[in-house]
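Beneath this line is the structure, given in structure tokens, with notes to follow.
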Amino acid sequence: MQNLEELARRIRVNVLRMTNRGGSSHVGAAFSMTDIVAVLYGVVLKVNPSNPKDPARDRFILSKGHAGAAVYAALAERGFFPLERLLGHCQDGSDFSGHISHKGIPGVEFSTGSLGHGLSVGTGMAFAGRRAGAAHRVFVLMSDGECDEGSNWEAILFAPHHRLDNLVAIIDYNKIQSLAPVAETLTLEPFAEKWRAFGWEVRECDGHDHEQLRELLSSAPWTPGKPSCLLAHTTKGKGVSYMENTVAWHYRTAKGADFDQALKELEAK
Amino acid sequence: MRDHFIKRLTQLAANDPRIMLLTADLGFGVLTDFASKFPKQFLNVGVAEQNMTGLATGMALEGLIVFTYSIGNFSTLRCLEQIRNDASYHNANVKIVSVGSGFSYGSLGMSHHATEDISILRAIPGITIFSPGDLWESMEATEAAVKTPGTCYLRLDKSAAGRNEAPGEEFVIGRPRLRRQGNDLAIIATGGIVEEALKAAEALAKEKIEARVLSVHTLRPLDAAPILAAARETSAVITLEEHTVEGGLGGLVSELLLEQGAAPRRFYRMGLRNGFSAIVGSQAYLRKRYELDADAIRQTALRLLKT
């Protein structure tokens with residue numbers, strides 16, 4: 001797990017530098033899912049940086065596309081493209097948009113940015129994979145606030161009906177959405193029960209505990225014939241004290257003394 | 001057109017296991033044969049067009065050629081962002097089928113009047129747009145959609161301007177098809193309403209006016225040559241569509257002619273100009289009501305030629 005800790009730390013540092021340079025938002029949303037992304041790209045996903053389109057690869061879709069910086073960083077750390085390319089994030093003329101885009105960026109499976117799209121597309125991939133008798137799995141990482149989008153619930157109905165147990169939905173459940181806490185905006189609770197009622201096999205874990213994440217994500221499907229949903233309980237802005245559990249750091253960019261302190265905290269870990 | 005579409009798709013699916021047909025719970029009695037012949041190539045996803053389009057994109061990115069089928073605005077406007085962000089941005093082999101264009105379902109009310117889809121889908125980059133005018137064109141457009149890489153839109157009308165293909169005629173994507181020769185004026189039409197243009201041309205011929213009729217079965221890409229020739233070789237151009245005039249075929253032809261420096265001597269866009277129709281009725285009734293039937297076309301032609 002030591003390597004995963006280091007990978008997660010490096011992803012956070014990259015994200016901090018990218019958003020600082022790009023003057024961009026969503027650092028809190030990227031930090032809350034960083035450990036999930038580190039475990040996926042570190043030990044769970046069967047992907048090959050020298051052959052990003054390998055048909056046997058596991059598919060990973062980031063549906064909360066606004067946190068794309070963390071996936072770009074993970075891909076660079078895994079060797080899909082040189083780390084220097086991250087410097088282009090949100091810069092004039094760059095492919096590296098604030099919301100994740102696949103064009104010109106090896107390893108990005110699918111572009112998102114508008115919420116509520118990734119799960120349907122991942123479900124289609126899972127359907128086609130099973131139809132072809134393929135062994136790979138499809139992972140879709142979603143935000144909690146994103147589950148306000150009705151389109152998700154169409155896919156949540158569909159996947160269990162078709163017994164797509166090659167599909168894993170992961171919710172980065174940090175409990176804070178764009179303007180306010182989820183509980184004050186549009187409550188999702190009882191969240192696990194909702195997914196279960198729709199026919200998914202649900203597990204919950206600490207979304208920053210690499211061992212729990214590795215164990216659960218590696219072993220899905222947990223019940224044959226059922227799609228898997230992992231509610232990963234997370235802390236928005238995880239890793240930088242003043243960002244944790246705040247709404248503001250969904251939007252703000254760490255500059256000046258804020259940047260220095262964040263870097264210091266992340267590098268001390 | 002719908003029956004000819006499914007007939008051709010059934011033939012194509014027999015030889016190409018990549019073809020998938022998704023429906024959002026519509027097509028009673030129409031899709032049954034396809035579904036029973038190719039159970040692994042057919043899927044009723046339920047009443048969920050956004051999910052249907054996302055699913056189709058995911059399947060297409062895995063190598064399938066996926067048709068999404070529904071009525072009127074449901075397969076287009078209801079899931080517009082999925083068409084834009086998912087299918088088109090990823091150049092996915094998703095083939096959107098809208099059955100019942102214009103006032104095909106005129107009596108069912110405004111929700112079922114598909115009268116803005118061309119303008120809206122034209123604004124999205126990368127989508128090949130088919131709007132066949134007759135039964136042969138609808139079959140050929142179906143096959144062309146299978147063969148054309150990327151996202152396509154197939155707009156199918158209930159009405160159709162018969163069938164008159166020449167023996168061995170080749171369907172050329174993007175090339176407006178000459179349905180009637182004439183050099184006094186040109187009627188450039190899209191969809192089943194081509195039949196009204198042909199009727200109007202017959203009536204005008206009795207008055208010694210020869211109207212050229214073009215069927216624009218593909219709106220994107222569009223081969224400009226036949227349109228430019230129509231503007232240069234005749235005294236007036238009428239565009240005709242069972243659709244809003246704002247941004248549809250009329251808009252497309254105007255843009256093309258002006259940019260090419262080929263403004264016709266006289267020009268009029270026939271289409272819907274008065275907002276939504278709260279009035280219902282048969283397709284024939286609504287065409288007459290909104291001055292899109294053969295007689296209205298004839299009168300428009302006479303008015304233009306007089307000025």
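Starting from 1 in every chain, residues are counted up; chains themselves are A, B, ... following the order of the structure tokens, and ligands are numbered from 1 as listed.
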Going by DSSP on the backbone, which residues of stretch 178-262 of chain A come out as strand (DSSP E or B)? List them as a short mmCIF file (atom, residue, chain, number, x, y, z; two decimals) with C-alpha atoms, in the first residue's frame.
```cif
data_model
loop_
_atom_site.label_atom_id
_atom_site.label_comp_id
_atom_site.auth_asym_id
_atom_site.auth_seq_id
_atom_site.Cartn_x
_atom_site.Cartn_y
_atom_site.Cartn_z
CA PRO A 181 -24.21 20.11 1.54
CA GLU A 201 -25.21 -5.09 -4.92
CA VAL A 202 -24.01 -2.29 -2.67
CA ARG A 203 -20.96 -1.98 -0.46
CA GLU A 204 -19.81 0.99 1.59
CA CYS A 205 -16.28 1.89 2.59
CA ASP A 206 -13.94 4.65 3.63
CA SER A 228 -21.92 -3.43 -8.14
CA CYS A 229 -22.20 -0.04 -6.46
CA LEU A 230 -19.51 1.15 -4.08
CA LEU A 231 -20.52 4.06 -1.87
CA ALA A 232 -17.13 5.46 -1.01
CA HIS A 233 -17.47 7.85 1.93
#
```
Contacts from chain B to chain A, 8 Å maximum, only C-alpha atoms: show me the residue list as a PDB file with N, CA and C atoms, in the first residue's frame.
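Now in selection.pdb:
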```pdb
ATOM      1  N   VAL B  45     -35.196  -0.640 -24.495  1.00  0.00           N
ATOM      2  CA  VAL B  45     -34.538  -0.135 -23.286  1.00  0.00           C
ATOM      3  C   VAL B  45     -35.529   0.456 -22.287  1.00  0.00           C
ATOM      4  N   ALA B  48     -36.890   5.616 -21.980  1.00  0.00           N
ATOM      5  CA  ALA B  48     -35.729   6.283 -21.393  1.00  0.00           C
ATOM      6  C   ALA B  48     -34.757   6.660 -22.508  1.00  0.00           C
ATOM      7  N   GLN B  50     -32.730   9.276 -22.873  1.00  0.00           N
ATOM      8  CA  GLN B  50     -31.375   9.717 -22.507  1.00  0.00           C
ATOM      9  C   GLN B  50     -30.480   8.499 -22.304  1.00  0.00           C
ATOM     10  N   ASN B  51     -30.999   7.534 -21.552  1.00  0.00           N
ATOM     11  CA  ASN B  51     -30.221   6.317 -21.330  1.00  0.00           C
ATOM     12  C   ASN B  51     -30.008   5.579 -22.641  1.00  0.00           C
ATOM     13  N   MET B  52     -31.023   5.541 -23.501  1.00  0.00           N
ATOM     14  CA  MET B  52     -30.882   4.843 -24.787  1.00  0.00           C
ATOM     15  C   MET B  52     -29.712   5.412 -25.578  1.00  0.00           C
ATOM     16  N   GLY B  54     -27.119   7.201 -24.435  1.00  0.00           N
ATOM     17  CA  GLY B  54     -25.864   6.904 -23.742  1.00  0.00           C
ATOM     18  C   GLY B  54     -25.457   5.453 -23.935  1.00  0.00           C
ATOM     19  N   LEU B  55     -26.410   4.546 -23.780  1.00  0.00           N
ATOM     20  CA  LEU B  55     -26.135   3.119 -24.006  1.00  0.00           C
ATOM     21  C   LEU B  55     -25.622   2.899 -25.421  1.00  0.00           C
ATOM     22  N   ALA B  56     -26.303   3.521 -26.369  1.00  0.00           N
ATOM     23  CA  ALA B  56     -25.926   3.352 -27.778  1.00  0.00           C
ATOM     24  C   ALA B  56     -24.491   3.824 -27.998  1.00  0.00           C
ATOM     25  N   THR B  57     -24.142   4.933 -27.357  1.00  0.00           N
ATOM     26  CA  THR B  57     -22.776   5.439 -27.500  1.00  0.00           C
ATOM     27  C   THR B  57     -21.774   4.437 -26.943  1.00  0.00           C
ATOM     28  N   GLY B  58     -22.064   3.934 -25.748  1.00  0.00           N
ATOM     29  CA  GLY B  58     -21.157   2.953 -25.145  1.00  0.00           C
ATOM     30  C   GLY B  58     -21.004   1.723 -26.026  1.00  0.00           C
ATOM     31  N   MET B  59     -22.116   1.240 -26.563  1.00  0.00           N
ATOM     32  CA  MET B  59     -22.073   0.057 -27.438  1.00  0.00           C
ATOM     33  C   MET B  59     -21.312   0.369 -28.719  1.00  0.00           C
ATOM     34  N   LEU B  61     -18.975   2.558 -29.180  1.00  0.00           N
ATOM     35  CA  LEU B  61     -17.538   2.682 -28.926  1.00  0.00           C
ATOM     36  C   LEU B  61     -16.893   1.307 -28.744  1.00  0.00           C
ATOM     37  N   GLU B  62     -17.716   0.296 -28.506  1.00  0.00           N
ATOM     38  CA  GLU B  62     -17.210  -1.076 -28.427  1.00  0.00           C
ATOM     39  C   GLU B  62     -17.305  -1.786 -29.775  1.00  0.00           C
ATOM     40  N   LEU B  64     -20.023  -1.641 -32.145  1.00  0.00           N
ATOM     41  CA  LEU B  64     -21.331  -1.926 -32.740  1.00  0.00           C
ATOM     42  C   LEU B  64     -21.850  -0.718 -33.524  1.00  0.00           C
ATOM     43  N   GLN B  82     -27.086  14.153 -24.868  1.00  0.00           N
ATOM     44  CA  GLN B  82     -26.421  12.855 -25.079  1.00  0.00           C
ATOM     45  C   GLN B  82     -25.992  12.713 -26.546  1.00  0.00           C
ATOM     46  N   ASN B  85     -22.849  15.506 -26.689  1.00  0.00           N
ATOM     47  CA  ASN B  85     -21.621  15.227 -25.927  1.00  0.00           C
ATOM     48  C   ASN B  85     -21.149  13.786 -26.073  1.00  0.00           C
ATOM     49  N   ASP B  86     -22.096  12.859 -26.056  1.00  0.00           N
ATOM     50  CA  ASP B  86     -21.711  11.447 -26.035  1.00  0.00           C
ATOM     51  C   ASP B  86     -21.500  10.933 -27.462  1.00  0.00           C
ATOM     52  N   HIS B  90     -17.783  11.995 -29.636  1.00  0.00           N
ATOM     53  CA  HIS B  90     -16.948  10.796 -29.700  1.00  0.00           C
ATOM     54  C   HIS B  90     -17.014  10.121 -31.062  1.00  0.00           C
TER      55      HIS B  90
END
```
Might you pull out every residue within 6 Å of stretch 58-64 of chain A, with only C-alpha atoms counted and same-chain residues fewer than 4 positions away left off, and present them as a PyMOL selection string? chain A and resi 45-46+110+112+118+136-143
Close residues, B:Ser88 itself excluded, 10 Å, only C-alpha atoms, min 6 positions apart in chain, as a PyMOL selection string: chain B and resi 57+81-82+94+124-128+150-152
Env of stretch 141-147 of chain B: 8 Å cut, atoms = only C-alpha atoms, seq-sep filter 6 positions within chain, self excluded. Answer as a PDB file with C-alpha atoms, in the first residue's frame.
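Now in result_22.pdb:
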```pdb
ATOM      1  CA  PHE B   5     -36.560   1.467 -43.149  1.00  0.00           C
ATOM      2  CA  ARG B   8     -33.861  -2.684 -45.270  1.00  0.00           C
ATOM      3  CA  LEU B   9     -32.407  -2.759 -41.777  1.00  0.00           C
ATOM      4  CA  LEU B  12     -28.610  -5.510 -43.447  1.00  0.00           C
ATOM      5  CA  ILE B  65     -23.499   0.093 -35.134  1.00  0.00           C
ATOM      6  CA  LYS B  95     -27.793   6.194 -35.861  1.00  0.00           C
ATOM      7  CA  PHE B 130     -30.783  12.160 -43.826  1.00  0.00           C
ATOM      8  CA  PRO B 132     -35.566  11.042 -47.399  1.00  0.00           C
ATOM      9  CA  TYR B 153     -29.733  11.181 -38.063  1.00  0.00           C
ATOM     10  CA  LEU B 154     -32.474   9.531 -40.088  1.00  0.00           C
ATOM     11  CA  PHE B 171     -27.952   6.739 -53.982  1.00  0.00           C
ATOM     12  CA  ILE B 173     -25.002  10.743 -49.965  1.00  0.00           C
ATOM     13  CA  HIS B 217     -32.495  13.549 -48.919  1.00  0.00           C
TER      14      HIS B 217
END
```
What does the structure give for the distance between atom CA of B:Val99 and atom CA of B:Gly27, in Å to one decimal?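 Value for the atom CA of B:Val99-atom CA of B:Gly27 distance: 9.1 Å.
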When you draw a straight line from atom CA of B:Glu170 to atom CA of B:Val66, how long is it in Å?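 Value for the atom CA of B:Glu170-atom CA of B:Val66 distance: 24.4 Å.
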Top pick for closest residue to A:Met33, considering A:His66, A:Arg252, A:Arg17, A:Lys238 and counting only C-alpha atoms: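 Looking at the shortest contact to A:Met33, the residue is A:Lys238.
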Tell me which protein, DNA and RNA residues are within 12 Å of A:Glu84, counting only C-alpha atoms, leaving out same-chain ones fewer than 4 positions away, and put them as a PyMOL selection string. chain A and resi 14+17-18+72-73+76-77+79-80+88-89+96
For those residues, write N, CA and C atoms to a file as a JSON list (two decimals), in the first residue's frame.
```
[["chain", "number", "residue", "atom", "x", "y", "z"],
["A", 14, "ASN", "N", 0.21, 17.03, -8.18],
["A", 14, "ASN", "CA", 0.01, 17.41, -9.59],
["A", 14, "ASN", "C", -1.27, 18.24, -9.75],
["A", 17, "ARG", "N", -0.80, 21.75, -8.51],
["A", 17, "ARG", "CA", 0.00, 22.57, -9.44],
["A", 17, "ARG", "C", -0.79, 22.89, -10.71],
["A", 18, "MET", "N", -1.53, 21.90, -11.21],
["A", 18, "MET", "CA", -2.29, 22.11, -12.46],
["A", 18, "MET", "C", -3.37, 23.17, -12.27],
["A", 72, "TYR", "N", -6.15, 12.90, -15.23],
["A", 72, "TYR", "CA", -4.99, 13.25, -16.08],
["A", 72, "TYR", "C", -3.69, 12.96, -15.33],
["A", 73, "ALA", "N", -3.66, 13.35, -14.05],
["A", 73, "ALA", "CA", -2.44, 13.16, -13.26],
["A", 73, "ALA", "C", -2.14, 11.67, -13.08],
["A", 76, "ALA", "N", -0.75, 10.27, -16.29],
["A", 76, "ALA", "CA", 0.65, 10.67, -16.50],
["A", 76, "ALA", "C", 1.57, 9.89, -15.57],
["A", 77, "GLU", "N", 1.15, 9.73, -14.32],
["A", 77, "GLU", "CA", 1.97, 8.98, -13.37],
["A", 77, "GLU", "C", 2.11, 7.51, -13.78],
["A", 79, "GLY", "N", 2.29, 6.60, -16.83],
["A", 79, "GLY", "CA", 3.10, 6.54, -18.04],
["A", 79, "GLY", "C", 2.34, 6.56, -19.35],
["A", 80, "PHE", "N", 1.07, 6.98, -19.31],
["A", 80, "PHE", "CA", 0.31, 7.07, -20.56],
["A", 80, "PHE", "C", 0.82, 8.21, -21.44],
["A", 88, "GLY", "N", -0.02, 21.77, -19.33],
["A", 88, "GLY", "CA", -0.94, 22.42, -20.27],
["A", 88, "GLY", "C", -2.36, 22.57, -19.74],
["A", 89, "HIS", "N", -2.62, 21.99, -18.56],
["A", 89, "HIS", "CA", -3.99, 21.99, -18.04],
["A", 89, "HIS", "C", -4.61, 23.39, -18.03],
["A", 96, "PHE", "N", -5.94, 19.75, -22.63],
["A", 96, "PHE", "CA", -6.28, 19.37, -21.26],
["A", 96, "PHE", "C", -7.33, 20.31, -20.67]]
```
Taking the chain letters and numbering used in this document, name the residues of stretch 91-234 of chain B that DSSP puts in alpha helix (DSSP H), as a ChimeraX atom specification. /B:117-122,135-147,194-205,225-233
Give me the residues near A:Gly28 as a PyMOL selection string, where near means some atom within 12 Å (using only C-alpha atoms) and where sequence neighbours in that chain fewer than 5 positions away do not count. chain A and resi 12+15-16+19+33-34+66-70+172+174-178+234-254+262
Residues from last step as file, N, CA and C atoms, as an mmCIF file, in the first residue's frame:
```cif
data_model
loop_
_atom_site.group_PDB
_atom_site.id
_atom_site.type_symbol
_atom_site.label_atom_id
_atom_site.label_comp_id
_atom_site.auth_asym_id
_atom_site.auth_seq_id
_atom_site.Cartn_x
_atom_site.Cartn_y
_atom_site.Cartn_z
ATOM 1 N N ARG A 12 -2.230 14.267 -5.972
ATOM 2 C CA ARG A 12 -2.712 15.506 -5.330
ATOM 3 C C ARG A 12 -1.771 16.677 -5.621
ATOM 4 N N VAL A 15 -2.344 17.785 -9.132
ATOM 5 C CA VAL A 15 -3.621 18.491 -9.256
ATOM 6 C C VAL A 15 -3.492 19.912 -8.696
ATOM 7 N N LEU A 16 -2.811 20.021 -7.570
ATOM 8 C CA LEU A 16 -2.623 21.346 -6.965
ATOM 9 C C LEU A 16 -1.873 22.268 -7.928
ATOM 10 N N THR A 19 -4.106 23.061 -11.162
ATOM 11 C CA THR A 19 -5.199 24.011 -10.960
ATOM 12 C C THR A 19 -4.651 25.392 -10.612
ATOM 13 N N MET A 33 -11.700 12.395 -4.538
ATOM 14 C CA MET A 33 -11.684 11.098 -5.242
ATOM 15 C C MET A 33 -10.274 10.609 -5.550
ATOM 16 N N THR A 34 -9.265 11.322 -5.104
ATOM 17 C CA THR A 34 -7.897 10.963 -5.471
ATOM 18 C C THR A 34 -7.509 9.555 -5.023
ATOM 19 N N HIS A 66 -15.666 17.196 -13.978
ATOM 20 C CA HIS A 66 -15.045 18.416 -13.467
ATOM 21 C C HIS A 66 -13.796 18.121 -12.649
ATOM 22 N N ALA A 67 -13.673 16.876 -12.179
ATOM 23 C CA ALA A 67 -12.497 16.516 -11.374
ATOM 24 C C ALA A 67 -11.431 15.839 -12.236
ATOM 25 N N GLY A 68 -11.502 16.074 -13.538
ATOM 26 C CA GLY A 68 -10.628 15.399 -14.488
ATOM 27 C C GLY A 68 -9.141 15.552 -14.210
ATOM 28 N N ALA A 69 -8.742 16.628 -13.537
ATOM 29 C CA ALA A 69 -7.319 16.837 -13.285
ATOM 30 C C ALA A 69 -6.689 15.633 -12.591
ATOM 31 N N ALA A 70 -7.439 15.006 -11.685
ATOM 32 C CA ALA A 70 -6.889 13.866 -10.947
ATOM 33 C C ALA A 70 -6.667 12.662 -11.861
ATOM 34 N N ASP A 172 -18.312 8.850 -5.289
ATOM 35 C CA ASP A 172 -17.441 9.660 -4.435
ATOM 36 C C ASP A 172 -18.382 10.456 -3.525
ATOM 37 N N ASN A 174 -18.867 12.564 -0.980
ATOM 38 C CA ASN A 174 -18.234 13.532 -0.080
ATOM 39 C C ASN A 174 -19.253 14.454 0.601
ATOM 40 N N LYS A 175 -20.511 14.295 0.236
ATOM 41 C CA LYS A 175 -21.646 14.941 0.936
ATOM 42 C C LYS A 175 -21.729 16.455 0.760
ATOM 43 N N ILE A 176 -20.918 16.955 -0.190
ATOM 44 C CA ILE A 176 -21.024 18.399 -0.472
ATOM 45 C C ILE A 176 -21.202 18.549 -1.973
ATOM 46 N N GLN A 177 -22.226 19.269 -2.389
ATOM 47 C CA GLN A 177 -22.364 19.505 -3.823
ATOM 48 C C GLN A 177 -22.062 20.949 -4.137
ATOM 49 N N SER A 178 -22.492 21.419 -5.264
ATOM 50 C CA SER A 178 -21.988 22.674 -5.802
ATOM 51 C C SER A 178 -22.168 23.878 -4.874
ATOM 52 N N THR A 234 -16.242 9.864 1.507
ATOM 53 C CA THR A 234 -15.023 10.652 1.327
ATOM 54 C C THR A 234 -15.160 12.025 1.976
ATOM 55 N N THR A 235 -14.048 12.727 1.986
ATOM 56 C CA THR A 235 -13.999 14.096 2.497
ATOM 57 C C THR A 235 -13.622 15.009 1.356
ATOM 58 N N LYS A 236 -14.489 15.960 1.078
ATOM 59 C CA LYS A 236 -14.172 16.895 0.005
ATOM 60 C C LYS A 236 -12.904 17.666 0.373
ATOM 61 N N GLY A 237 -11.994 17.817 -0.574
ATOM 62 C CA GLY A 237 -10.754 18.552 -0.316
ATOM 63 C C GLY A 237 -9.725 17.767 0.480
ATOM 64 N N LYS A 238 -9.910 16.449 0.568
ATOM 65 C CA LYS A 238 -9.062 15.607 1.414
ATOM 66 C C LYS A 238 -7.561 15.832 1.159
ATOM 67 N N GLY A 239 -6.845 16.054 2.241
ATOM 68 C CA GLY A 239 -5.392 16.146 2.157
ATOM 69 C C GLY A 239 -4.845 17.531 2.446
ATOM 70 N N VAL A 240 -5.715 18.538 2.351
ATOM 71 C CA VAL A 240 -5.281 19.904 2.668
ATOM 72 C C VAL A 240 -6.252 20.442 3.724
ATOM 73 N N SER A 241 -5.708 20.753 4.879
ATOM 74 C CA SER A 241 -6.564 21.008 6.046
ATOM 75 C C SER A 241 -7.624 22.073 5.792
ATOM 76 N N TYR A 242 -7.207 23.174 5.193
ATOM 77 C CA TYR A 242 -8.179 24.269 5.068
ATOM 78 C C TYR A 242 -9.200 24.041 3.942
ATOM 79 N N MET A 243 -8.947 23.031 3.119
ATOM 80 C CA MET A 243 -9.913 22.738 2.044
ATOM 81 C C MET A 243 -10.965 21.712 2.463
ATOM 82 N N GLU A 244 -10.630 20.932 3.486
ATOM 83 C CA GLU A 244 -11.486 19.789 3.809
ATOM 84 C C GLU A 244 -12.887 20.222 4.260
ATOM 85 N N ASN A 245 -13.860 19.539 3.688
ATOM 86 C CA ASN A 245 -15.270 19.756 4.048
ATOM 87 C C ASN A 245 -15.753 21.183 3.859
ATOM 88 N N THR A 246 -15.252 21.852 2.830
ATOM 89 C CA THR A 246 -15.734 23.201 2.550
ATOM 90 C C THR A 246 -16.380 23.245 1.176
ATOM 91 N N VAL A 247 -17.376 24.090 1.055
ATOM 92 C CA VAL A 247 -18.016 24.304 -0.254
ATOM 93 C C VAL A 247 -17.104 25.156 -1.135
ATOM 94 N N ALA A 248 -16.460 26.153 -0.525
ATOM 95 C CA ALA A 248 -15.707 27.148 -1.298
ATOM 96 C C ALA A 248 -14.629 26.513 -2.182
ATOM 97 N N TRP A 249 -13.992 25.439 -1.664
ATOM 98 C CA TRP A 249 -12.894 24.857 -2.439
ATOM 99 C C TRP A 249 -13.372 23.941 -3.551
ATOM 100 N N HIS A 250 -14.699 23.960 -3.795
ATOM 101 C CA HIS A 250 -15.193 23.382 -5.051
ATOM 102 C C HIS A 250 -14.776 24.326 -6.188
ATOM 103 N N TYR A 251 -14.661 25.612 -5.829
ATOM 104 C CA TYR A 251 -14.455 26.636 -6.862
ATOM 105 C C TYR A 251 -13.088 27.301 -6.823
ATOM 106 N N ARG A 252 -12.565 27.501 -5.613
ATOM 107 C CA ARG A 252 -11.394 28.357 -5.485
ATOM 108 C C ARG A 252 -10.125 27.707 -6.040
ATOM 109 N N THR A 253 -9.184 28.565 -6.381
ATOM 110 C CA THR A 253 -7.872 28.104 -6.835
ATOM 111 C C THR A 253 -6.859 28.487 -5.762
ATOM 112 N N ALA A 254 -6.019 27.525 -5.400
ATOM 113 C CA ALA A 254 -5.005 27.820 -4.376
ATOM 114 C C ALA A 254 -3.890 28.651 -4.992
ATOM 115 N N ALA A 262 -0.699 24.433 1.059
ATOM 116 C CA ALA A 262 -1.242 23.162 0.552
ATOM 117 C C ALA A 262 -0.099 22.246 0.119
#
```
Which value, in Å to one decimal, gives the distance between atom CA of A:Asn51 and atom CA of A:Ser32?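 Result for atom CA of A:Asn51 versus atom CA of A:Ser32: 28.9 Å, one decimal.
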